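Below is the file protein09.json, which contains JSON, C-alpha atoms and all ligand atoms.
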[["chain", "number", "residue", "atom", "x", "y", "z"],
["A", 1, "MET", "CA", 92.17, 89.81, 158.92],
["A", 2, "TYR", "CA", 93.70, 89.00, 155.51],
["A", 3, "SER", "CA", 92.45, 90.92, 152.50],
["A", 4, "SER", "CA", 94.01, 88.95, 149.69],
["A", 5, "PHE", "CA", 92.60, 85.42, 149.78],
["A", 6, "GLU", "CA", 89.10, 85.95, 148.36],
["A", 7, "ASN", "CA", 88.60, 83.53, 145.44],
["A", 8, "GLN", "CA", 92.24, 82.41, 145.58],
["A", 9, "LYS", "CA", 92.62, 78.70, 144.82],
["A", 10, "VAL", "CA", 94.48, 76.81, 147.54],
["A", 11, "VAL", "CA", 95.33, 73.11, 147.70],
["A", 12, "ILE", "CA", 96.37, 71.66, 151.07],
["A", 13, "ALA", "CA", 97.83, 68.16, 150.77],
["A", 14, "GLY", "CA", 97.22, 66.45, 154.11],
["A", 15, "GLY", "CA", 94.44, 68.90, 154.93],
["A", 16, "SER", "CA", 91.94, 66.58, 156.60],
["A", 17, "SER", "CA", 93.50, 66.85, 160.06],
["A", 18, "GLY", "CA", 95.66, 68.90, 162.39],
["A", 19, "ILE", "CA", 97.76, 71.72, 160.95],
["A", 20, "GLY", "CA", 96.45, 71.33, 157.39],
["A", 21, "LEU", "CA", 92.83, 71.43, 158.55],
["A", 22, "ALA", "CA", 93.47, 74.45, 160.79],
["A", 23, "THR", "CA", 94.96, 76.26, 157.78],
["A", 24, "ALA", "CA", 92.01, 75.27, 155.57],
["A", 25, "THR", "CA", 89.51, 76.47, 158.18],
["A", 26, "ILE", "CA", 91.07, 79.95, 158.43],
["A", 27, "LEU", "CA", 91.43, 80.31, 154.65],
["A", 28, "ALA", "CA", 87.83, 79.22, 154.00],
["A", 29, "LYS", "CA", 86.66, 81.97, 156.38],
["A", 30, "GLU", "CA", 88.77, 84.37, 154.28],
["A", 31, "LYS", "CA", 86.70, 83.23, 151.27],
["A", 32, "ALA", "CA", 89.51, 81.32, 149.56],
["A", 33, "HIS", "CA", 88.58, 78.34, 147.36],
["A", 34, "VAL", "CA", 90.25, 75.60, 149.42],
["A", 35, "THR", "CA", 90.67, 71.94, 148.49],
["A", 36, "ILE", "CA", 92.05, 69.56, 151.09],
["A", 37, "THR", "CA", 93.45, 66.14, 150.26],
["A", 38, "GLY", "CA", 94.07, 63.00, 152.30],
["A", 39, "ARG", "CA", 93.84, 59.24, 151.88],
["A", 40, "SER", "CA", 90.77, 58.56, 154.03],
["A", 41, "ALA", "CA", 87.43, 59.62, 152.50],
["A", 42, "GLY", "CA", 85.80, 59.37, 155.94],
["A", 43, "ARG", "CA", 88.36, 61.71, 157.50],
["A", 44, "LEU", "CA", 87.87, 64.17, 154.63],
["A", 45, "ALA", "CA", 84.08, 64.09, 155.10],
["A", 46, "ASP", "CA", 84.48, 64.80, 158.84],
["A", 47, "ALA", "CA", 86.90, 67.62, 158.05],
["A", 48, "ALA", "CA", 84.45, 69.18, 155.59],
["A", 49, "LYS", "CA", 81.87, 69.31, 158.41],
["A", 50, "THR", "CA", 84.23, 71.27, 160.66],
["A", 51, "ALA", "CA", 85.40, 73.57, 157.86],
["A", 52, "PRO", "CA", 82.29, 74.53, 155.85],
["A", 53, "GLY", "CA", 82.92, 75.48, 152.24],
["A", 54, "VAL", "CA", 86.12, 73.46, 151.97],
["A", 55, "HIS", "CA", 86.33, 71.04, 149.01],
["A", 56, "THR", "CA", 87.81, 67.57, 149.38],
["A", 57, "ALA", "CA", 89.72, 65.11, 147.20],
["A", 58, "ALA", "CA", 90.69, 61.62, 148.36],
["A", 59, "ILE", "CA", 94.24, 61.17, 147.09],
["A", 60, "ASP", "CA", 97.25, 59.27, 148.35],
["A", 61, "SER", "CA", 100.23, 61.55, 147.79],
["A", 62, "ASN", "CA", 102.35, 58.47, 147.13],
["A", 63, "ASN", "CA", 100.20, 57.75, 144.08],
["A", 64, "ARG", "CA", 101.65, 59.89, 141.29],
["A", 65, "PRO", "CA", 99.05, 59.04, 138.61],
["A", 66, "SER", "CA", 96.23, 60.18, 140.97],
["A", 67, "LEU", "CA", 98.13, 63.37, 141.76],
["A", 68, "ASP", "CA", 98.69, 64.10, 138.06],
["A", 69, "GLU", "CA", 95.02, 63.47, 137.31],
["A", 70, "PHE", "CA", 93.91, 65.70, 140.20],
["A", 71, "PHE", "CA", 96.13, 68.68, 139.33],
["A", 72, "THR", "CA", 95.34, 68.42, 135.61],
["A", 73, "SER", "CA", 91.61, 68.53, 136.26],
["A", 74, "HIS", "CA", 91.89, 71.12, 139.05],
["A", 75, "GLY", "CA", 93.71, 73.61, 136.81],
["A", 76, "GLU", "CA", 95.73, 76.62, 137.96],
["A", 77, "ILE", "CA", 96.11, 77.21, 141.69],
["A", 78, "ASP", "CA", 97.42, 80.16, 143.68],
["A", 79, "HIS", "CA", 98.83, 78.39, 146.72],
["A", 80, "LEU", "CA", 99.99, 74.88, 147.59],
["A", 81, "VAL", "CA", 100.55, 73.69, 151.18],
["A", 82, "LEU", "CA", 102.23, 70.33, 151.87],
["A", 83, "ALA", "CA", 101.07, 69.28, 155.34],
["A", 84, "LEU", "CA", 100.97, 65.52, 155.11],
["A", 85, "SER", "CA", 102.95, 63.33, 157.43],
["A", 86, "GLY", "CA", 104.03, 59.84, 158.27],
["A", 87, "ALA", "CA", 104.82, 58.59, 161.74],
["A", 88, "LYS", "CA", 107.96, 56.51, 161.52],
["A", 89, "GLY", "CA", 111.67, 57.19, 161.89],
["A", 90, "ALA", "CA", 112.09, 58.18, 165.56],
["A", 91, "GLY", "CA", 114.37, 56.36, 168.00],
["A", 92, "THR", "CA", 118.01, 56.13, 169.03],
["A", 93, "PHE", "CA", 120.07, 55.21, 166.01],
["A", 94, "ALA", "CA", 121.60, 52.02, 167.39],
["A", 95, "ASP", "CA", 118.10, 50.57, 167.83],
["A", 96, "LEU", "CA", 116.38, 52.28, 164.90],
["A", 97, "SER", "CA", 114.97, 49.88, 162.36],
["A", 98, "LEU", "CA", 116.15, 51.17, 158.99],
["A", 99, "LYS", "CA", 113.00, 49.66, 157.52],
["A", 100, "ASP", "CA", 111.06, 52.04, 159.77],
["A", 101, "LEU", "CA", 113.23, 54.93, 158.65],
["A", 102, "ARG", "CA", 112.58, 54.04, 155.00],
["A", 103, "GLU", "CA", 108.87, 54.00, 155.81],
["A", 104, "GLY", "CA", 109.32, 57.39, 157.49],
["A", 105, "PHE", "CA", 110.67, 58.75, 154.18],
["A", 106, "GLU", "CA", 107.78, 57.05, 152.33],
["A", 107, "GLY", "CA", 105.34, 58.66, 154.75],
["A", 108, "LYS", "CA", 106.56, 62.25, 154.42],
["A", 109, "PHE", "CA", 109.59, 63.02, 152.24],
["A", 110, "TRP", "CA", 108.58, 61.21, 149.03],
["A", 111, "PRO", "CA", 104.83, 62.01, 149.07],
["A", 112, "GLN", "CA", 105.61, 65.69, 149.69],
["A", 113, "LEU", "CA", 107.99, 65.68, 146.70],
["A", 114, "GLU", "CA", 105.55, 63.73, 144.49],
["A", 115, "THR", "CA", 102.85, 66.30, 145.28],
["A", 116, "LEU", "CA", 105.19, 69.22, 144.72],
["A", 117, "GLN", "CA", 106.37, 67.93, 141.35],
["A", 118, "ALA", "CA", 102.86, 67.06, 140.17],
["A", 119, "ALA", "CA", 101.51, 70.48, 141.25],
["A", 120, "LEU", "CA", 104.37, 72.64, 140.01],
["A", 121, "PRO", "CA", 103.10, 73.25, 136.45],
["A", 122, "TYR", "CA", 99.79, 74.46, 137.87],
["A", 123, "VAL", "CA", 100.92, 76.85, 140.64],
["A", 124, "LYS", "CA", 100.71, 80.45, 139.41],
["A", 125, "LYS", "CA", 104.00, 82.36, 139.33],
["A", 126, "THR", "CA", 102.38, 84.96, 141.59],
["A", 127, "GLY", "CA", 101.48, 82.31, 144.15],
["A", 128, "SER", "CA", 103.32, 80.30, 146.78],
["A", 129, "ILE", "CA", 104.29, 76.86, 148.03],
["A", 130, "THR", "CA", 104.66, 76.09, 151.74],
["A", 131, "VAL", "CA", 106.24, 72.87, 152.96],
["A", 132, "ILE", "CA", 105.67, 71.72, 156.54],
["A", 133, "THR", "CA", 108.84, 70.25, 158.00],
["A", 134, "ALA", "CA", 109.57, 69.73, 161.74],
["A", 135, "ALA", "CA", 111.80, 71.01, 164.53],
["A", 136, "SER", "CA", 113.53, 67.61, 164.52],
["A", 137, "ALA", "CA", 115.49, 68.86, 161.47],
["A", 138, "VAL", "CA", 117.61, 71.01, 163.79],
["A", 139, "LEU", "CA", 116.84, 69.71, 167.30],
["A", 140, "GLN", "CA", 120.22, 68.00, 167.85],
["A", 141, "ALA", "CA", 118.67, 65.68, 170.43],
["A", 142, "PRO", "CA", 119.07, 61.93, 171.02],
["A", 143, "GLY", "CA", 116.44, 59.85, 169.24],
["A", 144, "VAL", "CA", 115.72, 62.25, 166.40],
["A", 145, "SER", "CA", 118.52, 61.58, 163.89],
["A", 146, "GLY", "CA", 116.13, 59.69, 161.59],
["A", 147, "LEU", "CA", 113.50, 62.42, 161.73],
["A", 148, "ALA", "CA", 116.30, 64.98, 161.21],
["A", 149, "ALA", "CA", 117.20, 63.13, 158.00],
["A", 150, "ILE", "CA", 113.61, 63.30, 156.69],
["A", 151, "ASN", "CA", 112.81, 66.87, 157.69],
["A", 152, "GLY", "CA", 116.34, 68.20, 157.25],
["A", 153, "SER", "CA", 116.36, 66.91, 153.66],
["A", 154, "LEU", "CA", 113.17, 68.83, 152.95],
["A", 155, "GLU", "CA", 114.48, 72.00, 154.61],
["A", 156, "LEU", "CA", 117.77, 71.84, 152.68],
["A", 157, "MET", "CA", 115.87, 71.78, 149.40],
["A", 158, "ILE", "CA", 113.97, 75.02, 150.08],
["A", 159, "PRO", "CA", 116.60, 77.70, 149.24],
["A", 160, "SER", "CA", 117.73, 75.90, 146.09],
["A", 161, "LEU", "CA", 114.15, 75.38, 144.93],
["A", 162, "ALA", "CA", 113.40, 79.06, 145.60],
["A", 163, "LYS", "CA", 116.08, 80.03, 143.10],
["A", 164, "GLU", "CA", 114.97, 77.37, 140.61],
["A", 165, "ILE", "CA", 111.27, 78.14, 140.47],
["A", 166, "GLN", "CA", 111.44, 81.94, 140.85],
["A", 167, "PRO", "CA", 109.42, 84.16, 140.74],
["A", 168, "LEU", "CA", 107.11, 81.51, 142.28],
["A", 169, "ARG", "CA", 107.90, 81.43, 146.00],
["A", 170, "ILE", "CA", 108.58, 78.44, 148.22],
["A", 171, "ASN", "CA", 109.07, 78.45, 151.99],
["A", 172, "ALA", "CA", 108.81, 76.05, 154.91],
["A", 173, "VAL", "CA", 107.19, 76.17, 158.32],
["A", 174, "SER", "CA", 108.89, 74.02, 160.94],
["A", 175, "PRO", "CA", 106.59, 73.18, 163.85],
["A", 176, "GLY", "CA", 107.67, 71.98, 167.28],
["A", 177, "VAL", "CA", 105.33, 69.76, 169.28],
["A", 178, "ILE", "CA", 101.78, 70.68, 168.29],
["A", 179, "ASP", "CA", 98.57, 69.27, 169.77],
["A", 180, "THR", "CA", 97.08, 67.54, 166.72],
["A", 181, "PRO", "CA", 95.50, 64.11, 166.08],
["A", 182, "TRP", "CA", 98.95, 62.93, 164.96],
["A", 183, "TRP", "CA", 99.66, 62.21, 168.64],
["A", 184, "ASP", "CA", 96.52, 60.07, 169.07],
["A", 185, "MET", "CA", 98.57, 57.04, 168.08],
["A", 186, "MET", "CA", 99.71, 57.12, 171.75],
["A", 187, "PRO", "CA", 97.53, 56.03, 174.67],
["A", 188, "ALA", "CA", 95.99, 59.15, 176.29],
["A", 189, "ASP", "CA", 98.12, 58.97, 179.47],
["A", 190, "VAL", "CA", 101.39, 58.57, 177.51],
["A", 191, "LYS", "CA", 100.38, 61.47, 175.26],
["A", 192, "ALA", "CA", 99.65, 63.71, 178.28],
["A", 193, "GLN", "CA", 103.01, 62.80, 179.85],
["A", 194, "THR", "CA", 104.85, 63.41, 176.56],
["A", 195, "PHE", "CA", 103.20, 66.83, 176.13],
["A", 196, "GLU", "CA", 104.08, 67.75, 179.72],
["A", 197, "GLN", "CA", 107.68, 66.72, 179.19],
["A", 198, "TYR", "CA", 108.01, 68.71, 175.94],
["A", 199, "ALA", "CA", 106.29, 71.74, 177.52],
["A", 200, "SER", "CA", 108.89, 71.76, 180.28],
["A", 201, "GLN", "CA", 111.72, 71.77, 177.68],
["A", 202, "THR", "CA", 110.13, 74.51, 175.57],
["A", 203, "PRO", "CA", 111.00, 78.17, 176.27],
["A", 204, "VAL", "CA", 107.35, 79.30, 175.95],
["A", 205, "GLY", "CA", 106.43, 76.67, 178.56],
["A", 206, "ARG", "CA", 103.78, 74.86, 176.55],
["A", 207, "ILE", "CA", 103.25, 72.89, 173.38],
["A", 208, "GLY", "CA", 101.82, 74.59, 170.30],
["A", 209, "ARG", "CA", 98.35, 74.81, 168.77],
["A", 210, "PRO", "CA", 97.60, 73.93, 165.13],
["A", 211, "GLU", "CA", 96.12, 77.42, 164.57],
["A", 212, "GLU", "CA", 99.49, 78.97, 165.49],
["A", 213, "VAL", "CA", 101.25, 76.97, 162.80],
["A", 214, "ALA", "CA", 98.41, 77.77, 160.38],
["A", 215, "HIS", "CA", 98.97, 81.50, 160.89],
["A", 216, "SER", "CA", 102.69, 81.07, 160.10],
["A", 217, "ILE", "CA", 101.76, 79.25, 156.88],
["A", 218, "ILE", "CA", 99.24, 81.92, 155.92],
["A", 219, "PHE", "CA", 101.74, 84.68, 156.69],
["A", 220, "LEU", "CA", 104.16, 83.12, 154.18],
["A", 221, "MET", "CA", 101.40, 82.66, 151.61],
["A", 222, "ALA", "CA", 100.36, 86.30, 151.91],
["A", 223, "ASN", "CA", 103.79, 87.94, 151.98],
["A", 224, "GLY", "CA", 104.99, 88.22, 148.38],
["A", 225, "ASN", "CA", 108.46, 89.30, 149.45],
["A", 226, "ILE", "CA", 109.49, 86.10, 151.24],
["A", 227, "THR", "CA", 110.98, 83.05, 149.55],
["A", 228, "GLY", "CA", 113.56, 80.39, 150.43],
["A", 229, "THR", "CA", 112.86, 80.82, 154.15],
["A", 230, "ILE", "CA", 112.07, 78.48, 157.04],
["A", 231, "ILE", "CA", 109.90, 79.83, 159.85],
["A", 232, "ARG", "CA", 110.27, 77.95, 163.11],
["A", 233, "CYS", "CA", 106.92, 77.86, 164.91],
["A", 234, "ASP", "CA", 108.14, 75.73, 167.80],
["A", 235, "GLY", "CA", 107.95, 77.81, 170.97],
["A", 236, "GLY", "CA", 111.76, 77.84, 170.96],
["A", 237, "LEU", "CA", 112.03, 74.04, 171.31],
["A", 238, "SER", "CA", 114.83, 73.93, 168.72],
["A", 239, "LEU", "CA", 116.99, 76.58, 170.44],
["A", 301, "LIG", "N1", 101.89, 67.60, 165.33],
["A", 301, "LIG", "C1", 103.17, 67.82, 165.62],
["A", 301, "LIG", "O1", 103.61, 67.82, 166.79],
["A", 301, "LIG", "C2", 104.14, 68.08, 164.50],
["A", 301, "LIG", "C3", 105.47, 68.41, 164.85],
["A", 301, "LIG", "C4", 106.39, 68.67, 163.87],
["A", 301, "LIG", "C5", 106.03, 68.58, 162.54],
["A", 301, "LIG", "N2", 104.74, 68.24, 162.21],
["A", 301, "LIG", "C6", 104.43, 68.17, 160.78],
["A", 301, "LIG", "O2", 103.30, 68.94, 160.49],
["A", 301, "LIG", "C7", 102.59, 68.34, 159.37],
["A", 301, "LIG", "C8", 101.13, 68.14, 159.77],
["A", 301, "LIG", "O3", 101.11, 67.28, 160.90],
["A", 301, "LIG", "P1", 99.80, 67.10, 161.80],
["A", 301, "LIG", "O4", 100.26, 67.00, 163.19],
["A", 301, "LIG", "O5", 98.78, 68.09, 161.41],
["A", 301, "LIG", "O6", 99.38, 65.62, 161.34],
["A", 301, "LIG", "P2", 97.96, 64.88, 161.27],
["A", 301, "LIG", "O7", 96.98, 65.54, 162.18],
["A", 301, "LIG", "O8", 98.28, 63.45, 161.48],
["A", 301, "LIG", "O9", 97.49, 65.14, 159.76],
["A", 301, "LIG", "C9", 98.20, 64.55, 158.71],
["A", 301, "LIG", "C10", 97.40, 64.72, 157.44],
["A", 301, "LIG", "O10", 98.15, 64.15, 156.36],
["A", 301, "LIG", "C11", 97.30, 63.25, 155.64],
["A", 301, "LIG", "N3", 98.17, 62.27, 154.99],
["A", 301, "LIG", "C12", 99.08, 61.45, 155.56],
["A", 301, "LIG", "N4", 99.69, 60.70, 154.61],
["A", 301, "LIG", "C13", 99.16, 61.07, 153.43],
["A", 301, "LIG", "C14", 99.36, 60.65, 152.08],
["A", 301, "LIG", "N5", 100.24, 59.70, 151.75],
["A", 301, "LIG", "N6", 98.63, 61.25, 151.12],
["A", 301, "LIG", "C15", 97.73, 62.21, 151.41],
["A", 301, "LIG", "N7", 97.49, 62.65, 152.66],
["A", 301, "LIG", "C16", 98.20, 62.08, 153.66],
["A", 301, "LIG", "C17", 96.35, 62.70, 156.72],
["A", 301, "LIG", "O11", 95.15, 62.14, 156.21],
["A", 301, "LIG", "P3", 95.04, 60.54, 155.86],
["A", 301, "LIG", "O12", 95.70, 59.81, 157.01],
["A", 301, "LIG", "O13", 93.59, 60.27, 155.73],
["A", 301, "LIG", "O14", 95.78, 60.36, 154.59],
["A", 301, "LIG", "C18", 96.05, 63.99, 157.46],
["A", 301, "LIG", "O15", 95.13, 64.79, 156.75],
["A", 301, "LIG", "C19", 103.33, 67.04, 159.06],
["A", 301, "LIG", "O16", 104.24, 67.24, 158.02],
["A", 301, "LIG", "C20", 104.09, 66.74, 160.36],
["A", 301, "LIG", "O17", 105.24, 65.97, 160.15],
["A", 301, "LIG", "C21", 103.80, 68.00, 163.15]]
How does the structure come out when it is put into structure tokens?
Ligand SMILES: NC(=O)c1ccc[n+]([C@@H]2O[C@H](COP(=O)([O-])OP(=O)(O)OC[C@H]3O[C@@H](n4cnc5c(N)ncnc54)[C@H](OP(=O)(O)O)[C@@H]3O)[C@@H](O)[C@H]2O)c1
Amino acid sequence: MYSSFENQKVVIAGGSSGIGLATATILAKEKAHVTITGRSAGRLADAAKTAPGVHTAAIDSNNRPSLDEFFTSHGEIDHLVLALSGAKGAGTFADLSLKDLREGFEGKFWPQLETLQAALPYVKKTGSITVITAASAVLQAPGVSGLAAINGSLELMIPSLAKEIQPLRINAVSPGVIDTPWWDMMPADVKAQTFEQYASQTPVGRIGRPEEVAHSIIFLMANGNITGTIIRCDGGLSL
């Protein structure tokens, strides 16, 4: 389907699961040289079984020395995708533990920026960077102000960074509710109920699939004329 990824070097931070792994799987089939990162070596090994040909590196994106060491030894790359996530920061503000919100930033905002800064000298000017944010950035719904702070901060950086790092491109993909292992922190019945509830609020009438977000990411990687943009792959949830 894509003609341009053969032998291109791609690093997907947070690539051992969900959206990152779906992206890695498609790109490996397109003959890209894909390296996925994550903290758990076991999860990376399982991911490598489902996505043959994908390389793995166990790195915590909060650990800057490991990131620096990895990118220095990995050398130049064509594309960087930041797909890692935390899980904290949701809840109505009056009851929201600010410790949890800080941990939410530690789980997504800061490790994405650490990875971006460590990788920047090694991403080719002809390449791309794609940041995965979330519909919560613009949802304007009760219970998501903390998540809006985390994801909105990332989204607000994109246009400014696009000007700063030009001609290298940077964009974001903002998913809605997507059926990934991220939701497995919930008991199965609560997860099913939550998905049903979100599906009923979503104009397309269902929640999203990781492959759909992956195709949005790959579209941005492949299209050399797009920078500073946020694609909302959320079934219209944020409308
Ligand atoms: N799924 C959704 O409904 C949804 C909705 C909106 C936005 N998003 C966003 O989409 C992105 C991908 O989410 P997902 O649903 O695919 O999540 P996921 O299935 O939970 O995958 C998250 C990945 O990030 C890795 N990771 C987490 N913290 C890390 C760290 N400090 N260093 C390195 N790797 C780390 C995880 O591996 P380890 O745990 O082994 O480190 C895993 O590979 C995230 O930014 C998320 O916020 C998802």
Extract, using only C-alpha atoms, all DNA, RNA and protein residues at most 6 Å from region 90-96 of chain A, discarding same-chain residues fewer than 3 positions from it, and format them as a PyMOL selection string.
chain A and resi 143-144+146-147
Got a sec: who's within 10 Å of region 149-158 of chain A, counting all atoms listed in the file, leaving out chain neighbours fewer than 3 positions off, as a PyMOL selection string?
chain A and resi 89+101-102+104-110+112-113+130-138+144-146+161-164+169-174+227-230
Take the residues just selected and output them with C-alpha atoms as an mmCIF file, in the frame of the given file.
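Once everything was written out, this is part_33.cif:
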data_model
loop_
_atom_site.group_PDB
_atom_site.id
_atom_site.type_symbol
_atom_site.label_atom_id
_atom_site.label_comp_id
_atom_site.auth_asym_id
_atom_site.auth_seq_id
_atom_site.Cartn_x
_atom_site.Cartn_y
_atom_site.Cartn_z
ATOM 1 C CA GLY A 89 111.670 57.190 161.890
ATOM 2 C CA LEU A 101 113.230 54.930 158.650
ATOM 3 C CA ARG A 102 112.580 54.040 155.000
ATOM 4 C CA GLY A 104 109.320 57.390 157.490
ATOM 5 C CA PHE A 105 110.670 58.750 154.180
ATOM 6 C CA GLU A 106 107.780 57.050 152.330
ATOM 7 C CA GLY A 107 105.340 58.660 154.750
ATOM 8 C CA LYS A 108 106.560 62.250 154.420
ATOM 9 C CA PHE A 109 109.590 63.020 152.240
ATOM 10 C CA TRP A 110 108.580 61.210 149.030
ATOM 11 C CA GLN A 112 105.610 65.690 149.690
ATOM 12 C CA LEU A 113 107.990 65.680 146.700
ATOM 13 C CA THR A 130 104.660 76.090 151.740
ATOM 14 C CA VAL A 131 106.240 72.870 152.960
ATOM 15 C CA ILE A 132 105.670 71.720 156.540
ATOM 16 C CA THR A 133 108.840 70.250 158.000
ATOM 17 C CA ALA A 134 109.570 69.730 161.740
ATOM 18 C CA ALA A 135 111.800 71.010 164.530
ATOM 19 C CA SER A 136 113.530 67.610 164.520
ATOM 20 C CA ALA A 137 115.490 68.860 161.470
ATOM 21 C CA VAL A 138 117.610 71.010 163.790
ATOM 22 C CA VAL A 144 115.720 62.250 166.400
ATOM 23 C CA SER A 145 118.520 61.580 163.890
ATOM 24 C CA GLY A 146 116.130 59.690 161.590
ATOM 25 C CA LEU A 161 114.150 75.380 144.930
ATOM 26 C CA ALA A 162 113.400 79.060 145.600
ATOM 27 C CA LYS A 163 116.080 80.030 143.100
ATOM 28 C CA GLU A 164 114.970 77.370 140.610
ATOM 29 C CA ARG A 169 107.900 81.430 146.000
ATOM 30 C CA ILE A 170 108.580 78.440 148.220
ATOM 31 C CA ASN A 171 109.070 78.450 151.990
ATOM 32 C CA ALA A 172 108.810 76.050 154.910
ATOM 33 C CA VAL A 173 107.190 76.170 158.320
ATOM 34 C CA SER A 174 108.890 74.020 160.940
ATOM 35 C CA THR A 227 110.980 83.050 149.550
ATOM 36 C CA GLY A 228 113.560 80.390 150.430
ATOM 37 C CA THR A 229 112.860 80.820 154.150
ATOM 38 C CA ILE A 230 112.070 78.480 157.040
#
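The two atoms in question, CA of Glu69 (chain A) and CA of Leu116 (chain A), are spaced 13.8 Å apart.
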Identify which of the residues A:Arg206, A:Arg43, A:Lys191, A:His74 lies closest to ligand LIG 301 (chain A), counting only C-alpha atoms and all ligand atoms when measuring atom-to-atom distances.
A:Arg43
For Glu114 (chain A), please output as a ChimeraX atom specification all residues within 12 Å (counting all atoms listed in the file; exclusion window: fewer than 6 positions along the same chain).
/A:13,59-68,71,82,84,106-108,120
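Of the listed residues (A:Thr202, A:Asn7, A:Thr126, A:Ser16), A:Thr126 comes nearest to Met221 (chain A); the distances count all atoms listed in the file.
Comparing A:Leu220, A:Ala87, A:Ala192, A:Leu80 by their smallest distance to ligand LIG 301 (chain A), the closest is A:Ala87 (using all atoms listed in the file).
Here atom N4 of ligand LIG 301 (chain A) is placed at a distance of 24.1 Å from CA of Gly127 (chain A).
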Identify, on the basis of only C-alpha atoms, every residue whose closest approach to Ile77 (chain A) does not exceed 9 Å; exclude the query and any residue fewer than 2 positions from it along the same chain; express the result as a PDB file with C-alpha atoms, keeping the file's coordinate frame.
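File around18.pdb, as written:
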ATOM      1  CA  GLN A   8      92.240  82.410 145.580  1.00  0.00           C
ATOM      2  CA  LYS A   9      92.620  78.700 144.820  1.00  0.00           C
ATOM      3  CA  VAL A  10      94.480  76.810 147.540  1.00  0.00           C
ATOM      4  CA  VAL A  11      95.330  73.110 147.700  1.00  0.00           C
ATOM      5  CA  PHE A  71      96.130  68.680 139.330  1.00  0.00           C
ATOM      6  CA  HIS A  74      91.890  71.120 139.050  1.00  0.00           C
ATOM      7  CA  GLY A  75      93.710  73.610 136.810  1.00  0.00           C
ATOM      8  CA  HIS A  79      98.830  78.390 146.720  1.00  0.00           C
ATOM      9  CA  LEU A  80      99.990  74.880 147.590  1.00  0.00           C
ATOM     10  CA  ALA A 119     101.510  70.480 141.250  1.00  0.00           C
ATOM     11  CA  TYR A 122      99.790  74.460 137.870  1.00  0.00           C
ATOM     12  CA  VAL A 123     100.920  76.850 140.640  1.00  0.00           C
ATOM     13  CA  LYS A 124     100.710  80.450 139.410  1.00  0.00           C
ATOM     14  CA  GLY A 127     101.480  82.310 144.150  1.00  0.00           C
TER      15      GLY A 127
END
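Reported to one decimal place, the separation of CA of Ala51 (chain A) from CA of Lys88 (chain A) is 28.5 Å.
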